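With mmCIF, N, CA and C atoms inside, this is input34.cif:
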data_query
loop_
_atom_site.group_PDB
_atom_site.id
_atom_site.type_symbol
_atom_site.label_atom_id
_atom_site.label_comp_id
_atom_site.auth_asym_id
_atom_site.auth_seq_id
_atom_site.Cartn_x
_atom_site.Cartn_y
_atom_site.Cartn_z
ATOM 1 N N MET J 1 69.485 102.290 84.676
ATOM 2 C CA MET J 1 70.856 102.403 85.104
ATOM 3 C C MET J 1 71.053 101.876 86.524
ATOM 4 N N VAL J 2 70.075 102.103 87.362
ATOM 5 C CA VAL J 2 70.189 101.602 88.730
ATOM 6 C C VAL J 2 70.258 100.072 88.729
ATOM 7 N N THR J 3 69.492 99.443 87.857
ATOM 8 C CA THR J 3 69.536 97.978 87.767
ATOM 9 C C THR J 3 70.905 97.508 87.299
ATOM 10 N N CYS J 4 71.485 98.210 86.340
ATOM 11 C CA CYS J 4 72.833 97.853 85.870
ATOM 12 C C CYS J 4 73.834 97.961 87.010
ATOM 13 N N ARG J 5 73.710 99.018 87.795
ATOM 14 C CA ARG J 5 74.612 99.190 88.936
ATOM 15 C C ARG J 5 74.451 98.039 89.929
ATOM 16 N N ARG J 6 73.220 97.645 90.161
ATOM 17 C CA ARG J 6 72.975 96.537 91.100
ATOM 18 C C ARG J 6 73.555 95.227 90.576
ATOM 19 N N VAL J 7 73.386 94.988 89.283
ATOM 20 C CA VAL J 7 73.960 93.776 88.678
ATOM 21 C C VAL J 7 75.476 93.800 88.806
ATOM 22 N N LEU J 8 76.089 94.920 88.452
ATOM 23 C CA LEU J 8 77.545 95.023 88.550
ATOM 24 C C LEU J 8 78.007 94.853 89.996
ATOM 25 N N GLY J 9 77.216 95.325 90.938
ATOM 26 C CA GLY J 9 77.569 95.191 92.348
ATOM 27 C C GLY J 9 77.543 93.753 92.842
ATOM 28 N N GLN J 10 76.787 92.899 92.180
ATOM 29 C CA GLN J 10 76.699 91.492 92.575
ATOM 30 C C GLN J 10 77.828 90.644 92.005
ATOM 31 N N ILE J 11 78.432 91.073 90.924
ATOM 32 C CA ILE J 11 79.450 90.254 90.261
ATOM 33 C C ILE J 11 80.606 89.877 91.189
ATOM 34 N N PRO J 12 81.155 90.785 92.002
ATOM 35 C CA PRO J 12 82.242 90.376 92.902
ATOM 36 C C PRO J 12 81.809 89.338 93.953
ATOM 37 N N ARG J 13 80.527 89.214 94.198
ATOM 38 C CA ARG J 13 80.039 88.188 95.118
ATOM 39 C C ARG J 13 80.011 86.816 94.447
ATOM 40 N N LEU J 14 80.002 86.837 93.117
ATOM 41 C CA LEU J 14 79.906 85.606 92.334
ATOM 42 C C LEU J 14 81.237 85.151 91.757
ATOM 43 N N ALA J 15 82.193 86.064 91.676
ATOM 44 C CA ALA J 15 83.474 85.755 91.033
ATOM 45 C C ALA J 15 84.594 86.502 91.736
ATOM 46 N N ASP J 16 85.783 85.983 91.596
ATOM 47 C CA ASP J 16 86.974 86.606 92.187
ATOM 48 C C ASP J 16 87.523 87.623 91.192
ATOM 49 N N ILE J 17 87.361 88.898 91.495
ATOM 50 C CA ILE J 17 87.818 89.969 90.614
ATOM 51 C C ILE J 17 88.956 90.714 91.308
ATOM 52 N N PRO J 18 90.095 90.886 90.623
ATOM 53 C CA PRO J 18 91.179 91.669 91.227
ATOM 54 C C PRO J 18 90.683 93.069 91.596
ATOM 55 N N SER J 19 91.192 93.601 92.681
ATOM 56 C CA SER J 19 90.757 94.934 93.123
ATOM 57 C C SER J 19 91.171 96.001 92.122
ATOM 58 N N SER J 20 90.447 97.108 92.146
ATOM 59 C CA SER J 20 90.793 98.209 91.246
ATOM 60 C C SER J 20 92.193 98.736 91.555
ATOM 61 N N LYS J 21 92.554 98.738 92.825
ATOM 62 C CA LYS J 21 93.883 99.217 93.232
ATOM 63 C C LYS J 21 94.982 98.309 92.670
ATOM 64 N N SER J 22 94.767 96.999 92.739
ATOM 65 C CA SER J 22 95.796 96.081 92.222
ATOM 66 C C SER J 22 95.901 96.169 90.707
ATOM 67 N N VAL J 23 94.800 96.394 90.031
ATOM 68 C CA VAL J 23 94.820 96.531 88.571
ATOM 69 C C VAL J 23 95.533 97.832 88.180
ATOM 70 N N ALA J 24 95.218 98.905 88.878
ATOM 71 C CA ALA J 24 95.828 100.207 88.567
ATOM 72 C C ALA J 24 97.334 100.215 88.812
ATOM 73 N N ALA J 25 97.810 99.326 89.678
ATOM 74 C CA ALA J 25 99.238 99.279 89.996
ATOM 75 C C ALA J 25 100.070 98.648 88.878
ATOM 76 N N VAL J 26 99.408 98.052 87.898
ATOM 77 C CA VAL J 26 100.108 97.379 86.792
ATOM 78 C C VAL J 26 99.906 98.194 85.524
ATOM 79 N N ALA J 27 100.984 98.443 84.805
ATOM 80 C CA ALA J 27 100.879 99.180 83.540
ATOM 81 C C ALA J 27 99.921 98.442 82.603
ATOM 82 N N ALA J 28 99.062 99.184 81.925
ATOM 83 C CA ALA J 28 98.048 98.568 81.059
ATOM 84 C C ALA J 28 98.657 97.618 80.037
ATOM 85 N N SER J 29 99.814 97.953 79.528
ATOM 86 C CA SER J 29 100.440 97.120 78.489
ATOM 87 C C SER J 29 100.976 95.792 79.019
ATOM 88 N N THR J 30 101.108 95.671 80.336
ATOM 89 C CA THR J 30 101.644 94.431 80.902
ATOM 90 C C THR J 30 100.612 93.641 81.711
ATOM 91 N N ARG J 31 99.354 94.073 81.681
ATOM 92 C CA ARG J 31 98.311 93.383 82.439
ATOM 93 C C ARG J 31 97.990 92.024 81.826
ATOM 94 N N SER J 32 97.668 91.093 82.703
ATOM 95 C CA SER J 32 97.204 89.774 82.272
ATOM 96 C C SER J 32 95.779 89.924 81.722
ATOM 97 N N PRO J 33 95.305 88.917 81.006
ATOM 98 C CA PRO J 33 93.911 88.987 80.548
ATOM 99 C C PRO J 33 92.929 89.194 81.710
ATOM 100 N N GLU J 34 93.150 88.523 82.831
ATOM 101 C CA GLU J 34 92.251 88.672 83.980
ATOM 102 C C GLU J 34 92.270 90.102 84.521
ATOM 103 N N GLN J 35 93.456 90.711 84.547
ATOM 104 C CA GLN J 35 93.558 92.105 85.004
ATOM 105 C C GLN J 35 92.880 93.053 84.015
ATOM 106 N N ARG J 36 92.957 92.739 82.726
ATOM 107 C CA ARG J 36 92.299 93.583 81.716
ATOM 108 C C ARG J 36 90.778 93.509 81.861
ATOM 109 N N TRP J 37 90.250 92.304 82.093
ATOM 110 C CA TRP J 37 88.811 92.175 82.333
ATOM 111 C C TRP J 37 88.414 92.927 83.596
ATOM 112 N N ALA J 38 89.239 92.834 84.617
ATOM 113 C CA ALA J 38 88.944 93.542 85.863
ATOM 114 C C ALA J 38 88.941 95.051 85.637
ATOM 115 N N ALA J 39 89.850 95.557 84.814
ATOM 116 C CA ALA J 39 89.882 96.989 84.515
ATOM 117 C C ALA J 39 88.574 97.419 83.848
ATOM 118 N N ILE J 40 88.077 96.604 82.925
ATOM 119 C CA ILE J 40 86.798 96.906 82.278
ATOM 120 C C ILE J 40 85.682 96.884 83.321
ATOM 121 N N TYR J 41 85.686 95.859 84.168
ATOM 122 C CA TYR J 41 84.661 95.772 85.214
ATOM 123 C C TYR J 41 84.658 97.043 86.074
ATOM 124 N N TRP J 42 85.825 97.422 86.583
ATOM 125 C CA TRP J 42 85.883 98.569 87.499
ATOM 126 C C TRP J 42 85.516 99.871 86.803
ATOM 127 N N ASP J 43 85.858 100.022 85.536
ATOM 128 C CA ASP J 43 85.445 101.221 84.805
ATOM 129 C C ASP J 43 83.927 101.253 84.618
ATOM 130 N N MET J 44 83.324 100.112 84.313
ATOM 131 C CA MET J 44 81.871 100.059 84.171
ATOM 132 C C MET J 44 81.193 100.294 85.519
ATOM 133 N N TRP J 45 81.757 99.742 86.572
ATOM 134 C CA TRP J 45 81.214 99.966 87.913
ATOM 135 C C TRP J 45 81.216 101.461 88.224
ATOM 136 N N SER J 46 82.317 102.126 87.942
ATOM 137 C CA SER J 46 82.436 103.556 88.207
ATOM 138 C C SER J 46 81.411 104.352 87.401
ATOM 139 N N LEU J 47 81.241 103.989 86.149
ATOM 140 C CA LEU J 47 80.283 104.678 85.292
ATOM 141 C C LEU J 47 78.852 104.487 85.798
ATOM 142 N N ALA J 48 78.477 103.266 86.086
ATOM 143 C CA ALA J 48 77.115 102.989 86.559
ATOM 144 C C ALA J 48 76.898 103.489 87.980
ATOM 145 N N ASN J 49 77.926 103.480 88.792
ATOM 146 C CA ASN J 49 77.811 103.898 90.182
ATOM 147 C C ASN J 49 77.442 105.372 90.316
ATOM 148 N N ALA J 50 77.853 106.164 89.355
ATOM 149 C CA ALA J 50 77.537 107.593 89.406
ATOM 150 C C ALA J 50 76.035 107.833 89.395
ATOM 151 N N THR J 51 75.290 106.932 88.804
ATOM 152 C CA THR J 51 73.834 107.050 88.742
ATOM 153 C C THR J 51 73.207 107.013 90.125
ATOM 154 N N HIS J 52 73.843 106.334 91.024
ATOM 155 C CA HIS J 52 73.292 106.098 92.357
ATOM 156 C C HIS J 52 73.560 107.249 93.333
ATOM 157 N N HIS J 53 74.277 108.257 92.890
ATOM 158 C CA HIS J 53 74.651 109.351 93.782
ATOM 159 C C HIS J 53 74.080 110.662 93.278
ATOM 160 N N ASP J 54 73.780 111.523 94.182
ATOM 161 C CA ASP J 54 73.270 112.849 93.859
ATOM 162 C C ASP J 54 74.136 113.865 94.576
ATOM 163 N N ASP J 55 75.281 114.167 93.970
ATOM 164 C CA ASP J 55 76.205 115.108 94.590
ATOM 165 C C ASP J 55 76.762 116.040 93.513
ATOM 166 N N SER J 56 77.674 116.901 93.898
ATOM 167 C CA SER J 56 78.204 117.889 92.958
ATOM 168 C C SER J 56 78.969 117.248 91.797
ATOM 169 N N ASN J 57 79.567 116.097 92.021
ATOM 170 C CA ASN J 57 80.300 115.417 90.951
ATOM 171 C C ASN J 57 79.376 114.821 89.899
ATOM 172 N N THR J 58 78.173 114.464 90.288
ATOM 173 C CA THR J 58 77.253 113.803 89.365
ATOM 174 C C THR J 58 76.050 114.672 88.988
ATOM 175 N N ALA J 59 76.028 115.906 89.450
ATOM 176 C CA ALA J 59 74.874 116.780 89.221
ATOM 177 C C ALA J 59 74.560 116.947 87.733
ATOM 178 N N GLY J 60 75.556 117.028 86.903
ATOM 179 C CA GLY J 60 75.337 117.241 85.475
ATOM 180 C C GLY J 60 75.245 115.971 84.662
ATOM 181 N N LEU J 61 75.230 114.816 85.328
ATOM 182 C CA LEU J 61 75.218 113.540 84.616
ATOM 183 C C LEU J 61 73.825 113.245 84.068
ATOM 184 N N THR J 62 73.760 113.056 82.777
ATOM 185 C CA THR J 62 72.516 112.633 82.140
ATOM 186 C C THR J 62 72.849 111.477 81.210
ATOM 187 N N TRP J 63 71.852 110.657 80.954
ATOM 188 C CA TRP J 63 72.054 109.487 80.110
ATOM 189 C C TRP J 63 71.240 109.609 78.835
ATOM 190 N N THR J 64 71.875 109.309 77.730
ATOM 191 C CA THR J 64 71.148 109.169 76.484
ATOM 192 C C THR J 64 70.683 107.726 76.396
ATOM 193 N N ARG J 65 69.754 107.469 75.537
ATOM 194 C CA ARG J 65 69.302 106.092 75.355
ATOM 195 C C ARG J 65 70.454 105.207 74.897
ATOM 196 N N ASP J 66 71.254 105.709 73.946
ATOM 197 C CA ASP J 66 72.395 104.927 73.451
ATOM 198 C C ASP J 66 73.398 104.637 74.555
ATOM 199 N N GLY J 67 73.666 105.628 75.392
ATOM 200 C CA GLY J 67 74.601 105.423 76.496
ATOM 201 C C GLY J 67 74.079 104.408 77.493
ATOM 202 N N ALA J 68 72.797 104.514 77.823
ATOM 203 C CA ALA J 68 72.194 103.573 78.770
ATOM 204 C C ALA J 68 72.182 102.159 78.195
ATOM 205 N N GLU J 69 71.892 102.025 76.912
ATOM 206 C CA GLU J 69 71.897 100.704 76.291
ATOM 207 C C GLU J 69 73.304 100.103 76.275
ATOM 208 N N ALA J 70 74.309 100.941 76.052
ATOM 209 C CA ALA J 70 75.693 100.458 76.060
ATOM 210 C C ALA J 70 76.076 99.930 77.445
ATOM 211 N N VAL J 71 75.683 100.645 78.489
ATOM 212 C CA VAL J 71 75.974 100.189 79.857
ATOM 213 C C VAL J 71 75.216 98.895 80.145
ATOM 214 N N LEU J 72 73.972 98.804 79.702
ATOM 215 C CA LEU J 72 73.186 97.585 79.892
ATOM 216 C C LEU J 72 73.862 96.390 79.221
ATOM 217 N N LEU J 73 74.296 96.571 77.991
ATOM 218 C CA LEU J 73 74.968 95.483 77.276
ATOM 219 C C LEU J 73 76.293 95.105 77.938
ATOM 220 N N ALA J 74 77.036 96.113 78.386
ATOM 221 C CA ALA J 74 78.310 95.833 79.053
ATOM 222 C C ALA J 74 78.086 95.083 80.368
ATOM 223 N N ALA J 75 77.088 95.494 81.137
ATOM 224 C CA ALA J 75 76.792 94.814 82.402
ATOM 225 C C ALA J 75 76.387 93.367 82.140
ATOM 226 N N ALA J 76 75.551 93.159 81.139
ATOM 227 C CA ALA J 76 75.127 91.789 80.805
ATOM 228 C C ALA J 76 76.316 90.954 80.340
ATOM 229 N N GLY J 77 77.179 91.542 79.530
ATOM 230 C CA GLY J 77 78.358 90.830 79.052
ATOM 231 C C GLY J 77 79.312 90.468 80.175
ATOM 232 N N LEU J 78 79.522 91.386 81.101
ATOM 233 C CA LEU J 78 80.403 91.099 82.233
ATOM 234 C C LEU J 78 79.798 90.040 83.148
ATOM 235 N N LEU J 79 78.497 90.110 83.359
ATOM 236 C CA LEU J 79 77.841 89.082 84.171
ATOM 237 C C LEU J 79 78.022 87.705 83.534
ATOM 238 N N LYS J 80 77.822 87.609 82.244
ATOM 239 C CA LYS J 80 77.999 86.340 81.541
ATOM 240 C C LYS J 80 79.446 85.874 81.621
ATOM 241 N N ARG J 81 80.375 86.783 81.402
ATOM 242 C CA ARG J 81 81.795 86.425 81.405
ATOM 243 C C ARG J 81 82.235 85.886 82.765
ATOM 244 N N TYR J 82 81.791 86.536 83.828
ATOM 245 C CA TYR J 82 82.242 86.148 85.158
ATOM 246 C C TYR J 82 81.456 84.984 85.764
ATOM 247 N N THR J 83 80.300 84.647 85.178
ATOM 248 C CA THR J 83 79.515 83.556 85.748
ATOM 249 C C THR J 83 79.369 82.369 84.792
ATOM 250 N N ALA J 84 79.995 82.402 83.651
ATOM 251 C CA ALA J 84 79.841 81.345 82.639
ATOM 252 C C ALA J 84 80.258 79.970 83.158
ATOM 253 N N SER J 85 81.251 79.914 83.999
ATOM 254 C CA SER J 85 81.755 78.622 84.483
ATOM 255 C C SER J 85 81.017 78.123 85.716
ATOM 256 N N ARG J 86 80.086 78.863 86.206
ATOM 257 C CA ARG J 86 79.360 78.474 87.428
ATOM 258 C C ARG J 86 78.300 77.461 87.133
#
What does this structure look like when you write it as structure tokens?
Amino acid sequence: MVTCRRVLGQIPRLADIPSSKSVAAVAASTRSPEQRWAAIYWDMWSLANATHHDDSNTAGLTWTRDGAEAVLLAAAGLLKRYTASR
């Protein structure tokens, strides 16, 4: 999970991703495709980022193999999506 978080953390250095604040300011039903991809990115970042912290909010966080594999696949998919044209 830490590796997934690191990969997700590098994506904004490689691609222009709308900020989470700008995406949240637009109703989901009216978001552009780019804003929808950004929403997925920021949700995955938030999910993987919890792994990197040891506080009261994340104390009960545990990962199943299926959950970890899903995050791994999502991180790989987002990396491919945002770097395909490079």
When you count only C-alpha atoms, which of these residues is closest to Ala27 of chain J: J:Leu73, J:Ala50, J:Ala15, J:Ala39?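 Of J:Leu73, J:Ala50, J:Ala15, J:Ala39, the one nearest Ala27 of chain J, counting only C-alpha atoms, is J:Ala39.
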Could you tell me how far atom C of Thr51 of chain J lies from atom N of Val26 of chain J, in Å and to one decimal?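 Separating atom C of Thr51 of chain J from atom N of Val26 of chain J is a distance of 27.8 Å.
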Could you list, as a short mmCIF file (atom, residue, chain, number, x, y, z; two decimals) with N, CA and C atoms, keeping the file's coordinate frame, every residue matched by the PyMOL selection byres (((chain J and resi 6 and name CA) around 12) and name CA) in this structure?
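The result, stored in expr_24.cif:
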data_model
loop_
_atom_site.label_atom_id
_atom_site.label_comp_id
_atom_site.auth_asym_id
_atom_site.auth_seq_id
_atom_site.Cartn_x
_atom_site.Cartn_y
_atom_site.Cartn_z
N MET J 1 69.48 102.29 84.68
CA MET J 1 70.86 102.40 85.10
C MET J 1 71.05 101.88 86.52
N VAL J 2 70.08 102.10 87.36
CA VAL J 2 70.19 101.60 88.73
C VAL J 2 70.26 100.07 88.73
N THR J 3 69.49 99.44 87.86
CA THR J 3 69.54 97.98 87.77
C THR J 3 70.90 97.51 87.30
N CYS J 4 71.48 98.21 86.34
CA CYS J 4 72.83 97.85 85.87
C CYS J 4 73.83 97.96 87.01
N ARG J 5 73.71 99.02 87.80
CA ARG J 5 74.61 99.19 88.94
C ARG J 5 74.45 98.04 89.93
N VAL J 7 73.39 94.99 89.28
CA VAL J 7 73.96 93.78 88.68
C VAL J 7 75.48 93.80 88.81
N LEU J 8 76.09 94.92 88.45
CA LEU J 8 77.54 95.02 88.55
C LEU J 8 78.01 94.85 90.00
N GLY J 9 77.22 95.32 90.94
CA GLY J 9 77.57 95.19 92.35
C GLY J 9 77.54 93.75 92.84
N GLN J 10 76.79 92.90 92.18
CA GLN J 10 76.70 91.49 92.58
C GLN J 10 77.83 90.64 92.00
N ILE J 11 78.43 91.07 90.92
CA ILE J 11 79.45 90.25 90.26
C ILE J 11 80.61 89.88 91.19
N PRO J 12 81.16 90.78 92.00
CA PRO J 12 82.24 90.38 92.90
C PRO J 12 81.81 89.34 93.95
N ARG J 13 80.53 89.21 94.20
CA ARG J 13 80.04 88.19 95.12
C ARG J 13 80.01 86.82 94.45
N MET J 44 83.32 100.11 84.31
CA MET J 44 81.87 100.06 84.17
C MET J 44 81.19 100.29 85.52
N TRP J 45 81.76 99.74 86.57
CA TRP J 45 81.21 99.97 87.91
C TRP J 45 81.22 101.46 88.22
N ALA J 48 78.48 103.27 86.09
CA ALA J 48 77.11 102.99 86.56
C ALA J 48 76.90 103.49 87.98
N ASN J 49 77.93 103.48 88.79
CA ASN J 49 77.81 103.90 90.18
C ASN J 49 77.44 105.37 90.32
N THR J 51 75.29 106.93 88.80
CA THR J 51 73.83 107.05 88.74
C THR J 51 73.21 107.01 90.12
N HIS J 52 73.84 106.33 91.02
CA HIS J 52 73.29 106.10 92.36
C HIS J 52 73.56 107.25 93.33
N LEU J 72 73.97 98.80 79.70
CA LEU J 72 73.19 97.58 79.89
C LEU J 72 73.86 96.39 79.22
N ALA J 75 77.09 95.49 81.14
CA ALA J 75 76.79 94.81 82.40
C ALA J 75 76.39 93.37 82.14
N ALA J 76 75.55 93.16 81.14
CA ALA J 76 75.13 91.79 80.81
C ALA J 76 76.32 90.95 80.34
N LEU J 79 78.50 90.11 83.36
CA LEU J 79 77.84 89.08 84.17
C LEU J 79 78.02 87.70 83.53
#
Expressed in Å to a single decimal, how great is the separation between atom CA of Gln35 of chain J and atom N of Tyr82 of chain J?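 So the answer is 13.1 Å.
Applied to the file shown here, the PyMOL selection byres ((chain J and resi 38) around 7) selects the residues Ile17, Pro18, Ser19, Ser20, Val23, Pro33, Glu34, Gln35, Arg36, Trp37, Ala39, Ile40, Tyr41, Trp42 and Asp43 of chain J.
Put simply, atom CA of Thr64 of chain J is 23.3 Å away from atom N of Lys80 of chain J.
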